[in-house]
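S.K.: Sharing structure_15.txt below, compact mmCIF, N, CA and C atoms:
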# COMPACT_ATOMS: atom_id res chain seq x y z
N MET A 1 68.44 103.49 110.67
CA MET A 1 69.48 103.78 111.63
C MET A 1 69.69 105.30 111.78
N PHE A 2 69.69 106.01 110.66
CA PHE A 2 69.88 107.45 110.69
C PHE A 2 68.72 108.14 111.40
N ALA A 3 67.50 107.64 111.19
CA ALA A 3 66.32 108.23 111.84
C ALA A 3 66.42 108.06 113.35
N ALA A 4 66.89 106.90 113.81
CA ALA A 4 67.03 106.66 115.25
C ALA A 4 68.00 107.65 115.88
N LEU A 5 69.07 107.94 115.19
CA LEU A 5 70.04 108.92 115.68
C LEU A 5 69.41 110.31 115.78
N ILE A 6 68.62 110.67 114.80
CA ILE A 6 67.94 111.97 114.82
C ILE A 6 66.97 112.06 115.99
N TYR A 7 66.21 110.98 116.24
CA TYR A 7 65.26 110.97 117.37
C TYR A 7 66.00 111.16 118.69
N LEU A 8 67.13 110.48 118.85
CA LEU A 8 67.90 110.62 120.08
C LEU A 8 68.52 112.00 120.22
N LEU A 9 68.98 112.57 119.13
CA LEU A 9 69.55 113.91 119.18
C LEU A 9 68.49 114.95 119.52
N CYS A 10 67.28 114.76 119.03
CA CYS A 10 66.18 115.68 119.38
C CYS A 10 65.85 115.58 120.87
N ALA A 11 65.84 114.36 121.40
CA ALA A 11 65.59 114.18 122.83
C ALA A 11 66.71 114.82 123.64
N LEU A 12 67.92 114.65 123.22
CA LEU A 12 69.06 115.25 123.91
C LEU A 12 69.00 116.78 123.86
N ALA A 13 68.62 117.34 122.73
CA ALA A 13 68.50 118.79 122.61
C ALA A 13 67.40 119.33 123.53
N SER A 14 66.27 118.63 123.59
CA SER A 14 65.18 119.05 124.48
C SER A 14 65.62 118.99 125.94
N PHE A 15 66.34 117.93 126.29
CA PHE A 15 66.84 117.79 127.66
C PHE A 15 67.85 118.88 127.99
N ALA A 16 68.71 119.21 127.04
CA ALA A 16 69.70 120.28 127.26
C ALA A 16 69.01 121.63 127.44
N CYS A 17 67.98 121.90 126.65
CA CYS A 17 67.23 123.15 126.81
C CYS A 17 66.58 123.20 128.18
N MET A 18 66.03 122.07 128.63
CA MET A 18 65.41 122.01 129.95
C MET A 18 66.43 122.32 131.04
N LEU A 19 67.62 121.76 130.94
CA LEU A 19 68.66 122.01 131.93
C LEU A 19 69.08 123.48 131.95
N LEU A 20 69.27 124.06 130.77
CA LEU A 20 69.69 125.45 130.70
C LEU A 20 68.61 126.39 131.24
N LEU A 21 67.36 126.10 130.93
CA LEU A 21 66.26 126.92 131.45
C LEU A 21 66.14 126.79 132.97
N ALA A 22 66.30 125.58 133.49
CA ALA A 22 66.22 125.37 134.93
C ALA A 22 67.36 126.08 135.65
N ARG A 23 68.54 126.05 135.05
CA ARG A 23 69.68 126.75 135.64
C ARG A 23 69.46 128.26 135.65
N ALA A 24 68.91 128.78 134.56
CA ALA A 24 68.62 130.21 134.50
C ALA A 24 67.53 130.58 135.51
N TYR A 25 66.56 129.70 135.71
CA TYR A 25 65.53 129.97 136.71
C TYR A 25 66.13 130.04 138.11
N ARG A 26 67.03 129.11 138.43
CA ARG A 26 67.67 129.12 139.75
C ARG A 26 68.41 130.42 140.00
N ARG A 27 68.97 130.98 138.95
CA ARG A 27 69.74 132.21 139.09
C ARG A 27 68.84 133.44 139.20
N THR A 28 67.76 133.50 138.42
CA THR A 28 66.96 134.73 138.35
C THR A 28 65.62 134.64 139.06
N ARG A 29 65.12 133.43 139.29
CA ARG A 29 63.80 133.20 139.89
C ARG A 29 62.66 133.80 139.06
N ALA A 30 62.83 133.84 137.76
CA ALA A 30 61.76 134.28 136.85
C ALA A 30 60.87 133.07 136.56
N TRP A 31 59.61 133.19 136.91
CA TRP A 31 58.68 132.06 136.82
C TRP A 31 58.54 131.52 135.41
N LEU A 32 58.61 132.41 134.43
CA LEU A 32 58.44 131.95 133.04
C LEU A 32 59.57 131.01 132.63
N LEU A 33 60.74 131.18 133.17
CA LEU A 33 61.84 130.25 132.90
C LEU A 33 61.55 128.87 133.47
N LEU A 34 60.96 128.84 134.66
CA LEU A 34 60.60 127.55 135.26
C LEU A 34 59.57 126.83 134.41
N TRP A 35 58.55 127.54 133.98
CA TRP A 35 57.50 126.90 133.19
C TRP A 35 58.00 126.51 131.81
N SER A 36 58.94 127.25 131.28
CA SER A 36 59.56 126.86 130.01
C SER A 36 60.37 125.57 130.19
N ALA A 37 61.05 125.45 131.31
CA ALA A 37 61.79 124.22 131.59
C ALA A 37 60.83 123.04 131.71
N ILE A 38 59.69 123.25 132.37
CA ILE A 38 58.69 122.19 132.49
C ILE A 38 58.16 121.81 131.12
N CYS A 39 57.97 122.78 130.25
CA CYS A 39 57.55 122.49 128.88
C CYS A 39 58.56 121.60 128.18
N PHE A 40 59.82 121.89 128.34
CA PHE A 40 60.84 121.09 127.68
C PHE A 40 60.99 119.70 128.30
N VAL A 41 60.58 119.53 129.54
CA VAL A 41 60.52 118.18 130.11
C VAL A 41 59.51 117.35 129.32
N GLY A 42 58.33 117.93 129.08
CA GLY A 42 57.32 117.23 128.29
C GLY A 42 57.80 116.94 126.87
N LEU A 43 58.49 117.89 126.27
CA LEU A 43 58.99 117.68 124.91
C LEU A 43 60.10 116.63 124.87
N ALA A 44 60.94 116.59 125.89
CA ALA A 44 61.98 115.56 125.95
C ALA A 44 61.36 114.18 126.13
N ILE A 45 60.35 114.09 126.98
CA ILE A 45 59.65 112.81 127.16
C ILE A 45 59.00 112.40 125.84
N ASN A 46 58.42 113.36 125.14
CA ASN A 46 57.81 113.07 123.85
C ASN A 46 58.85 112.50 122.88
N ASN A 47 60.02 113.10 122.82
CA ASN A 47 61.07 112.63 121.92
C ASN A 47 61.60 111.26 122.31
N LEU A 48 61.72 111.01 123.60
CA LEU A 48 62.15 109.67 124.04
C LEU A 48 61.11 108.62 123.69
N LEU A 49 59.85 108.96 123.90
CA LEU A 49 58.78 108.03 123.55
C LEU A 49 58.72 107.80 122.04
N LEU A 50 59.04 108.82 121.26
CA LEU A 50 59.09 108.65 119.81
C LEU A 50 60.17 107.64 119.43
N PHE A 51 61.32 107.74 120.05
CA PHE A 51 62.39 106.78 119.79
C PHE A 51 61.96 105.37 120.17
N VAL A 52 61.37 105.23 121.35
CA VAL A 52 60.92 103.90 121.79
C VAL A 52 59.82 103.38 120.87
N ASP A 53 58.91 104.26 120.48
CA ASP A 53 57.78 103.86 119.65
C ASP A 53 58.22 103.39 118.26
N LEU A 54 59.12 104.12 117.64
CA LEU A 54 59.47 103.81 116.25
C LEU A 54 60.69 102.92 116.09
N VAL A 55 61.56 102.87 117.09
CA VAL A 55 62.80 102.11 116.93
C VAL A 55 62.83 100.86 117.82
N VAL A 56 62.57 101.05 119.12
CA VAL A 56 62.72 99.94 120.06
C VAL A 56 61.52 98.99 120.01
N LEU A 57 60.31 99.54 120.10
CA LEU A 57 59.10 98.73 120.12
C LEU A 57 58.14 99.15 119.01
N PRO A 58 58.46 98.88 117.75
CA PRO A 58 57.59 99.36 116.68
C PRO A 58 56.22 98.67 116.64
N GLN A 59 56.09 97.53 117.29
CA GLN A 59 54.82 96.81 117.29
C GLN A 59 53.81 97.39 118.28
N ILE A 60 54.26 98.25 119.19
CA ILE A 60 53.39 98.87 120.18
C ILE A 60 53.18 100.34 119.80
N ASP A 61 51.92 100.78 119.79
CA ASP A 61 51.60 102.16 119.45
C ASP A 61 51.66 103.03 120.70
N LEU A 62 52.62 103.92 120.73
CA LEU A 62 52.76 104.84 121.86
C LEU A 62 52.39 106.26 121.47
N SER A 63 51.54 106.40 120.48
CA SER A 63 51.20 107.74 120.02
C SER A 63 50.41 108.53 121.08
N LEU A 64 49.52 107.87 121.82
CA LEU A 64 48.76 108.59 122.84
C LEU A 64 49.65 109.12 123.97
N PRO A 65 50.55 108.30 124.55
CA PRO A 65 51.45 108.87 125.56
C PRO A 65 52.35 109.98 125.01
N ARG A 66 52.76 109.86 123.74
CA ARG A 66 53.58 110.91 123.13
C ARG A 66 52.81 112.21 123.04
N ILE A 67 51.57 112.11 122.59
CA ILE A 67 50.74 113.30 122.44
C ILE A 67 50.47 113.92 123.81
N LEU A 68 50.19 113.09 124.80
CA LEU A 68 49.91 113.61 126.14
C LEU A 68 51.13 114.29 126.75
N ALA A 69 52.31 113.75 126.52
CA ALA A 69 53.53 114.37 127.05
C ALA A 69 53.77 115.74 126.41
N SER A 70 53.65 115.81 125.11
CA SER A 70 53.87 117.10 124.46
C SER A 70 52.75 118.08 124.79
N PHE A 71 51.51 117.60 124.87
CA PHE A 71 50.40 118.47 125.23
C PHE A 71 50.57 119.02 126.64
N GLY A 72 50.99 118.17 127.57
CA GLY A 72 51.20 118.62 128.94
C GLY A 72 52.26 119.70 129.03
N GLY A 73 53.36 119.52 128.32
CA GLY A 73 54.41 120.53 128.34
C GLY A 73 53.98 121.85 127.75
N VAL A 74 53.34 121.79 126.59
CA VAL A 74 52.91 123.01 125.93
C VAL A 74 51.78 123.67 126.71
N ALA A 75 50.88 122.88 127.28
CA ALA A 75 49.78 123.44 128.08
C ALA A 75 50.32 124.16 129.31
N ALA A 76 51.36 123.62 129.93
CA ALA A 76 51.96 124.28 131.09
C ALA A 76 52.56 125.62 130.68
N LEU A 77 53.22 125.66 129.54
CA LEU A 77 53.82 126.91 129.08
C LEU A 77 52.74 127.94 128.71
N ILE A 78 51.69 127.51 128.06
CA ILE A 78 50.61 128.44 127.71
C ILE A 78 49.94 128.99 128.96
N ALA A 79 49.69 128.11 129.94
CA ALA A 79 49.08 128.56 131.19
C ALA A 79 49.97 129.58 131.89
N ALA A 80 51.26 129.35 131.88
CA ALA A 80 52.19 130.30 132.50
C ALA A 80 52.19 131.63 131.77
N MET A 81 52.12 131.58 130.45
CA MET A 81 52.10 132.84 129.68
C MET A 81 50.82 133.62 129.94
N VAL A 82 49.70 132.92 130.03
CA VAL A 82 48.44 133.60 130.33
C VAL A 82 48.50 134.22 131.72
N ARG A 83 49.03 133.46 132.66
CA ARG A 83 49.14 133.96 134.03
C ARG A 83 50.03 135.19 134.11
N GLU A 84 51.14 135.18 133.40
CA GLU A 84 52.06 136.31 133.41
C GLU A 84 51.46 137.52 132.71
N SER A 85 50.66 137.29 131.67
CA SER A 85 50.07 138.42 130.96
C SER A 85 48.98 139.10 131.78
N GLU A 86 48.39 138.38 132.73
CA GLU A 86 47.36 138.96 133.57
C GLU A 86 47.91 139.77 134.73
N ARG A 87 49.18 139.67 134.99
CA ARG A 87 49.80 140.40 136.09
C ARG A 87 50.00 141.83 135.79
When written as structure tokens, how does the structure in this file appear?
M.R.:
Amino acid sequence: MFAALIYLLCALASFACMLLLARAYRRTRAWLLLWSAICFVGLAINNLLLFVDLVVLPQIDLSLPRILASFGGVAALIAAMVRESER
């Protein structure tokens, strides 16, 4: 039960970071903030899938979708950092 609460709190924290980054992007129009928000979307999806995988549906293995969600978010952030460093 305690682990389930931690999984949900991690998902909530990732979602809150995404909202704050998106709000900052709207204000400043700095592209790196947008891509950071997109990264946190992937991390929030990863955390939600972790909760579903381990708590709601433990008989179904959702490790591949979890890995793909986190990889997509981090890959977007890395691509944005490379793009910004080339400018």
S.K.: Between atom N of A:Val74 and atom CA of A:Cys39, what distance in Å does the model show, to one decimal?
M.R.: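 Between atom N of A:Val74 and atom CA of A:Cys39 the gap is 4.8 Å.
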S.K.: Pick out the residues sitting within 5 Å of stretch 7-19 of chain A, and hand them over as a PyMOL selection string; count all atoms listed in the file, and ignore anything fewer than 5 positions along from it in its own chain.
M.R.: chain A and resi 37+44+47
S.K.: Quick one: pull the distance between atom N of A:Leu5 and atom C of A:Leu77, Å, one decimal.
M.R.: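 Going from atom N of A:Leu5 over to atom C of A:Leu77, I get 29.1 Å.
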S.K.: What's around stretch 55-71 of chain A at 8 Å? Count all atoms listed in the file, leave out sequence neighbours fewer than 4 positions away in its own chain, and write the answer as a list in words.
M.R.: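 Near neighbours after the sequence-gap exclusion: Ala3, Ala4, Cys39, Val41, Gly42, Leu43, Ala44, Ile45, Asn46, Asn47, Leu48, Leu49, Leu50, Phe51, Ala75, Ala76 and Leu77 of chain A.
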S.K.: For N, CA and C atoms, I'd like the residues from the last selection saved as a JSON list (two decimals), in the coordinates of the input.
M.R.:
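Dumped to selection-v1.json:
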[["chain", "number", "residue", "atom", "x", "y", "z"],
["A", 3, "ALA", "N", 67.50, 107.64, 111.19],
["A", 3, "ALA", "CA", 66.32, 108.23, 111.84],
["A", 3, "ALA", "C", 66.42, 108.06, 113.35],
["A", 4, "ALA", "N", 66.89, 106.90, 113.81],
["A", 4, "ALA", "CA", 67.03, 106.66, 115.25],
["A", 4, "ALA", "C", 68.00, 107.65, 115.88],
["A", 39, "CYS", "N", 57.97, 122.78, 130.25],
["A", 39, "CYS", "CA", 57.55, 122.49, 128.88],
["A", 39, "CYS", "C", 58.56, 121.60, 128.18],
["A", 41, "VAL", "N", 60.58, 119.53, 129.54],
["A", 41, "VAL", "CA", 60.52, 118.18, 130.11],
["A", 41, "VAL", "C", 59.51, 117.35, 129.32],
["A", 42, "GLY", "N", 58.33, 117.93, 129.08],
["A", 42, "GLY", "CA", 57.32, 117.23, 128.29],
["A", 42, "GLY", "C", 57.80, 116.94, 126.87],
["A", 43, "LEU", "N", 58.49, 117.89, 126.27],
["A", 43, "LEU", "CA", 58.99, 117.68, 124.91],
["A", 43, "LEU", "C", 60.10, 116.63, 124.87],
["A", 44, "ALA", "N", 60.94, 116.59, 125.89],
["A", 44, "ALA", "CA", 61.98, 115.56, 125.95],
["A", 44, "ALA", "C", 61.36, 114.18, 126.13],
["A", 45, "ILE", "N", 60.35, 114.09, 126.98],
["A", 45, "ILE", "CA", 59.65, 112.81, 127.16],
["A", 45, "ILE", "C", 59.00, 112.40, 125.84],
["A", 46, "ASN", "N", 58.42, 113.36, 125.14],
["A", 46, "ASN", "CA", 57.81, 113.07, 123.85],
["A", 46, "ASN", "C", 58.85, 112.50, 122.88],
["A", 47, "ASN", "N", 60.02, 113.10, 122.82],
["A", 47, "ASN", "CA", 61.07, 112.63, 121.92],
["A", 47, "ASN", "C", 61.60, 111.26, 122.31],
["A", 48, "LEU", "N", 61.72, 111.01, 123.60],
["A", 48, "LEU", "CA", 62.15, 109.67, 124.04],
["A", 48, "LEU", "C", 61.11, 108.62, 123.69],
["A", 49, "LEU", "N", 59.85, 108.96, 123.90],
["A", 49, "LEU", "CA", 58.78, 108.03, 123.55],
["A", 49, "LEU", "C", 58.72, 107.80, 122.04],
["A", 50, "LEU", "N", 59.04, 108.82, 121.26],
["A", 50, "LEU", "CA", 59.09, 108.65, 119.81],
["A", 50, "LEU", "C", 60.17, 107.64, 119.43],
["A", 51, "PHE", "N", 61.32, 107.74, 120.05],
["A", 51, "PHE", "CA", 62.39, 106.78, 119.79],
["A", 51, "PHE", "C", 61.96, 105.37, 120.17],
["A", 75, "ALA", "N", 50.88, 122.88, 127.28],
["A", 75, "ALA", "CA", 49.78, 123.44, 128.08],
["A", 75, "ALA", "C", 50.32, 124.16, 129.31],
["A", 76, "ALA", "N", 51.36, 123.62, 129.93],
["A", 76, "ALA", "CA", 51.96, 124.28, 131.09],
["A", 76, "ALA", "C", 52.56, 125.62, 130.68],
["A", 77, "LEU", "N", 53.22, 125.66, 129.54],
["A", 77, "LEU", "CA", 53.82, 126.91, 129.08],
["A", 77, "LEU", "C", 52.74, 127.94, 128.71]]
S.K.: Box for stretch 33-51 of chain A - axis-aligned, 3 Å on each of the six sides, all listed atoms - centre and size in Å to one decimal, as lines of an AutoDock Vina configuration file.
M.R.:
center_x = 59.9
center_y = 118.3
center_z = 127.3
size_x = 11.1
size_y = 31.8
size_z = 21.8
S.K.: So the first atom is atom CA of A:Ile6 and the second is atom CA of A:Trp35; what is the distance between them in Å, to one decimal place?
M.R.: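 Separation of atom CA of A:Ile6 and atom CA of A:Trp35: 25.9 Å.
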